[in-house]
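Below is one structure, written out as structure tokens, with a few remarks after it.
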Amino acid sequence: MPKKTRKRVVLTEEERVLMMQQKLLAEEELNKKKEDMLAQFLKDKLAKEERNSVLNMNKITLQWRTVLREVKARELRKDIEILSQTFERVVDCKDSVIKSLAKDLDEAEAQYTHALRSHLHNIDELLQLQCCRLGYLEEDYNAELEALQKEFDTERRKIIEYHEQEIRYLQDVLLAMEQNFGESEYEAKLDFQSTRDDIKNKNLEEKHYLRMQLEGKVEELWKRFQQALRNYTEATEDRKIAFEALKLKDEKSTKEIEMQMKKLQKMQDLILSLKNKIAAHVRESEEQNRRIRDEKEVVLKQLQMLKSEMNQARAKARSNLAKLTVESCATLKVLQRVVQKGELILRLAEMCRKLESEEEKVLPFYACSLGWEEQKTVDQVALEKPIEPLAQMMDDYVGLERFWQRYNKVRLEQLSLQRTKAALAEDNRKLRHLLKQYLDGISVNDEVLSQINPLMIVNQHNVAPPLPHTVPVTEARVKRPVYNIVEAAHEVKHIL
């Protein structure tokens, strides 16, 4: 069966030109699409980074708040522990005081019973002595009564005169004091009323609390006292009757003495009470003024302390805000530098992609020189979870593995070309030296004659030194070794 002949389509010049233009347009459109995709990718990446930065700032703020809450909680716990310890210490002190008071009460009861027994014994003896003394006292009393009446009359006149003088002096003093303290009395009254109300409320609360505690204690003590009283009355009923009869007699005889003494005592008490009232009023006014001044100083000190604390808090907040602003600006600058570096890397990658050869476009990575078993071992090690910190950090850069392969390939080619260039330069230098020796040997001039010439022979000896035995460059023992290198680190080992 004869083969069918295939007809070749012959294109004209215009068709070839149109085809080339179409190819160029398609390539331009493809490049434009790639540039648009790259710009869109960079925009999306920038928006994503901005969202991540906002999210990270919120996370940092949240973590900072949690840290501040923890610090404040620790401070409050410490304060609560200190307050609880002080409260327990105060309670222990109160318990010890209560125990000591109960012990003192028991001792006082024992002393009371002992004193009561001794007192009753002494009363029995005194009753006997009193009967004897009453007779003598009546006589002495009548004589002394007349003398006392005379002295009382004279002293009464003197006391009345002195009292009138003191009253006039005190009236002058009161008038001066009213004039001096009249102005500040109103303010002092207002402050006093406010402080009195506060103190009254506090005292009422404490009074109520103490009343509840003391009522229970008083009831218990009253019961004990009633029981002791019943026991005492039962034991001393007979003696009490006799004592009361004698007591009535003694009261009748002492009433007359007491009546006269009371009159004198009343006058003296009246004078002393007036003096004490005046002194008490003076002391109270001075004490109130002093207390008001102290409270005013305390309030001013507290106000100054609060102002200083508020200023410190404001300064601290201002410094924290400034620090946060500086750190945020530094972070933004670092991120901008990272973005600029990334854009520079992308531009350099685009420029390098244009300069790639056809072979590099088809095979951008070097072939692996590992065997099947070695490659399997490497894959198993890569699947294992890293333990060392450096290996854990390398997991974050797994995406750069292809980049480092291309970088190592370029670095290896650069080192290979450098070594090839150095070897060729050495061969060129040796060839130039041999050519110079040859030209010097075939030419005759003053410069050549002044130097060693291989063509000149003196006494059957060559003037030129013997040339070293040259070895061809292509010989195996001087041929440059060719290394099968996988990583750039191996090349560095051979160089060093």
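Each chain in the structure tokens gets a letter, A, B and so on, in the order shown; residues start at 1 in every chain, and ligands are counted from 1 in the order they appear.
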Worksheet item: What's the 12 Å shell around Leu120 of chain A, counting only C-alpha atoms, without same-chain residues fewer than 4 positions away, as a PyMOL selection string?
Response: chain A and resi 113-116+124-127+232+236+239-240+242-243
Dump N, CA and C atoms for the selected residues as a PDB file, in the first residue's frame?
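Result went into selection.pdb, see below:
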```
ATOM      1  N   THR A 113     -14.504  38.127 149.963  1.00  0.00           N
ATOM      2  CA  THR A 113     -14.993  37.226 151.025  1.00  0.00           C
ATOM      3  C   THR A 113     -14.069  37.274 152.249  1.00  0.00           C
ATOM      4  N   HIS A 114     -12.750  37.273 151.942  1.00  0.00           N
ATOM      5  CA  HIS A 114     -11.800  37.347 153.049  1.00  0.00           C
ATOM      6  C   HIS A 114     -11.939  38.678 153.799  1.00  0.00           C
ATOM      7  N   ALA A 115     -12.066  39.780 153.033  1.00  0.00           N
ATOM      8  CA  ALA A 115     -12.210  41.092 153.662  1.00  0.00           C
ATOM      9  C   ALA A 115     -13.515  41.191 154.435  1.00  0.00           C
ATOM     10  N   LEU A 116     -14.579  40.543 153.896  1.00  0.00           N
ATOM     11  CA  LEU A 116     -15.862  40.574 154.584  1.00  0.00           C
ATOM     12  C   LEU A 116     -15.792  39.864 155.934  1.00  0.00           C
ATOM     13  N   ASP A 124     -17.414  43.677 165.254  1.00  0.00           N
ATOM     14  CA  ASP A 124     -17.747  43.215 166.609  1.00  0.00           C
ATOM     15  C   ASP A 124     -16.853  43.881 167.657  1.00  0.00           C
ATOM     16  N   GLU A 125     -15.584  43.973 167.355  1.00  0.00           N
ATOM     17  CA  GLU A 125     -14.680  44.623 168.302  1.00  0.00           C
ATOM     18  C   GLU A 125     -14.943  46.118 168.404  1.00  0.00           C
ATOM     19  N   LEU A 126     -15.242  46.727 167.217  1.00  0.00           N
ATOM     20  CA  LEU A 126     -15.481  48.167 167.206  1.00  0.00           C
ATOM     21  C   LEU A 126     -16.758  48.545 167.964  1.00  0.00           C
ATOM     22  N   LEU A 127     -17.741  47.653 167.899  1.00  0.00           N
ATOM     23  CA  LEU A 127     -18.974  47.948 168.626  1.00  0.00           C
ATOM     24  C   LEU A 127     -18.717  48.063 170.137  1.00  0.00           C
ATOM     25  N   TYR A 232     -24.562  34.402 151.732  1.00  0.00           N
ATOM     26  CA  TYR A 232     -24.039  35.278 152.787  1.00  0.00           C
ATOM     27  C   TYR A 232     -25.142  35.654 153.785  1.00  0.00           C
ATOM     28  N   THR A 236     -25.198  34.922 157.810  1.00  0.00           N
ATOM     29  CA  THR A 236     -25.001  36.039 158.772  1.00  0.00           C
ATOM     30  C   THR A 236     -26.325  36.692 159.166  1.00  0.00           C
ATOM     31  N   ARG A 239     -26.261  37.700 163.172  1.00  0.00           N
ATOM     32  CA  ARG A 239     -25.356  38.818 163.411  1.00  0.00           C
ATOM     33  C   ARG A 239     -25.858  40.104 162.764  1.00  0.00           C
ATOM     34  N   LYS A 240     -26.536  39.950 161.659  1.00  0.00           N
ATOM     35  CA  LYS A 240     -27.044  41.122 160.964  1.00  0.00           C
ATOM     36  C   LYS A 240     -28.110  41.841 161.801  1.00  0.00           C
ATOM     37  N   ALA A 242     -28.393  41.830 165.092  1.00  0.00           N
ATOM     38  CA  ALA A 242     -27.729  42.536 166.189  1.00  0.00           C
ATOM     39  C   ALA A 242     -26.993  43.773 165.682  1.00  0.00           C
ATOM     40  N   PHE A 243     -26.378  43.613 164.487  1.00  0.00           N
ATOM     41  CA  PHE A 243     -25.624  44.727 163.907  1.00  0.00           C
ATOM     42  C   PHE A 243     -26.544  45.888 163.547  1.00  0.00           C
TER      43      PHE A 243
END
```
Per-residue nearest contacts segment 314-333 of chain A to segment 34-54 of chain A, cut-off 12 Å, using only C-alpha atoms, as CSV:
```
residue,atom,partner,partner_atom,distance
A:Ser328,CA,A:Ser53,CA,10.3
A:Thr331,CA,A:Ser53,CA,9.6
A:Leu332,CA,A:Ser53,CA,9.1
```
Go ahead and write the selection's residues with N, CA, C and O atoms as a PDB file, in the first residue's frame.
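Below is the file that was written, out_33.pdb:
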```
ATOM      1  N   SER A 328       5.156  50.950  69.517  1.00  0.00           N
ATOM      2  CA  SER A 328       4.311  50.735  68.343  1.00  0.00           C
ATOM      3  C   SER A 328       4.924  51.374  67.104  1.00  0.00           C
ATOM      4  O   SER A 328       4.908  50.788  66.014  1.00  0.00           O
ATOM      5  N   THR A 331       7.710  49.198  66.009  1.00  0.00           N
ATOM      6  CA  THR A 331       7.171  47.993  65.367  1.00  0.00           C
ATOM      7  C   THR A 331       6.708  48.287  63.957  1.00  0.00           C
ATOM      8  O   THR A 331       6.956  47.507  63.015  1.00  0.00           O
ATOM      9  N   LEU A 332       6.016  49.435  63.784  1.00  0.00           N
ATOM     10  CA  LEU A 332       5.572  49.807  62.441  1.00  0.00           C
ATOM     11  C   LEU A 332       6.762  50.025  61.506  1.00  0.00           C
ATOM     12  O   LEU A 332       6.728  49.607  60.332  1.00  0.00           O
TER      13      LEU A 332
END
```
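Proximity ranking of A:Ala317, A:Ala108, A:Leu355, A:Ile98 relative to Leu214 of chain A places A:Ile98 first, based on only C-alpha atoms.
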Enumerate, in order of chain and increasing residue number, the residues of segment 74-168 of chain A with an atom no farther than 12 Å from segment 219-225 of chain A, each with its shortest atom pair and distance in Å to one decimal, counting only C-alpha atoms, as a Markdown table.
```
| residue | atom | partner | partner_atom | distance |
| --- | --- | --- | --- | --- |
| A:Ala102 | CA | A:Leu221 | CA | 10.8 |
| A:Leu105 | CA | A:Leu221 | CA | 10.0 |
| A:Asp106 | CA | A:Leu221 | CA | 11.1 |
| A:Glu109 | CA | A:Phe225 | CA | 9.7 |
| A:Tyr112 | CA | A:Phe225 | CA | 11.8 |
| A:Thr113 | CA | A:Phe225 | CA | 11.9 |
```
Worksheet entry | Interatomic distance, atom CA of Arg290 of chain A to atom CA of Glu206 of chain A (Å, one decimal) |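 So the two atoms, atom CA of Arg290 of chain A and atom CA of Glu206 of chain A, lie 25.0 Å apart.
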Worksheet item: Could you state the separation of atom CA of Arg402 of chain A and atom CA of Lys354 of chain A in Å, given to one decimal place?
Response: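 Atom CA of Lys354 of chain A lies 18.5 Å from atom CA of Arg402 of chain A.
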Worksheet item: Hey, what's within 10 Å of segment 142-151 of chain A if we count only C-alpha atoms and toss same-chain stuff fewer than 5 positions away? As a ChimeraX atom specification, please?
Response: /A:137,156,257,260
For the selection you just gave me, I'd like the residues written to a file as a short mmCIF file (atom, residue, chain, number, x, y, z; two decimals), in the first residue's frame, keeping all heavy atoms.
```cif
data_model
loop_
_atom_site.label_atom_id
_atom_site.label_comp_id
_atom_site.auth_asym_id
_atom_site.auth_seq_id
_atom_site.Cartn_x
_atom_site.Cartn_y
_atom_site.Cartn_z
N LEU A 137 -16.91 61.07 173.63
CA LEU A 137 -17.10 61.89 172.43
C LEU A 137 -18.20 62.93 172.61
O LEU A 137 -18.12 64.02 172.04
CB LEU A 137 -17.44 61.00 171.23
CG LEU A 137 -16.28 60.16 170.69
CD1 LEU A 137 -16.77 59.22 169.60
CD2 LEU A 137 -15.15 61.03 170.14
N ARG A 156 -16.78 81.96 157.65
CA ARG A 156 -17.87 82.18 156.71
C ARG A 156 -17.82 83.61 156.18
O ARG A 156 -18.00 83.84 154.97
CB ARG A 156 -19.20 81.92 157.41
CG ARG A 156 -20.41 81.95 156.50
CD ARG A 156 -21.61 81.35 157.24
NE ARG A 156 -22.78 81.38 156.40
CZ ARG A 156 -23.68 82.34 156.33
NH1 ARG A 156 -23.52 83.41 157.12
NH2 ARG A 156 -24.72 82.28 155.53
N ILE A 257 -23.73 64.89 164.20
CA ILE A 257 -22.37 65.29 163.75
C ILE A 257 -22.36 65.50 162.24
O ILE A 257 -21.78 66.45 161.71
CB ILE A 257 -21.35 64.21 164.16
CG1 ILE A 257 -21.31 64.09 165.69
CG2 ILE A 257 -19.97 64.54 163.62
CD1 ILE A 257 -20.53 62.91 166.19
N GLN A 260 -23.88 68.91 160.93
CA GLN A 260 -23.00 70.06 160.99
C GLN A 260 -21.87 69.96 159.96
O GLN A 260 -21.50 70.95 159.32
CB GLN A 260 -22.41 70.17 162.42
CG GLN A 260 -23.44 70.41 163.50
CD GLN A 260 -24.19 71.72 163.32
OE1 GLN A 260 -23.61 72.69 162.83
NE2 GLN A 260 -25.47 71.74 163.70
#
```
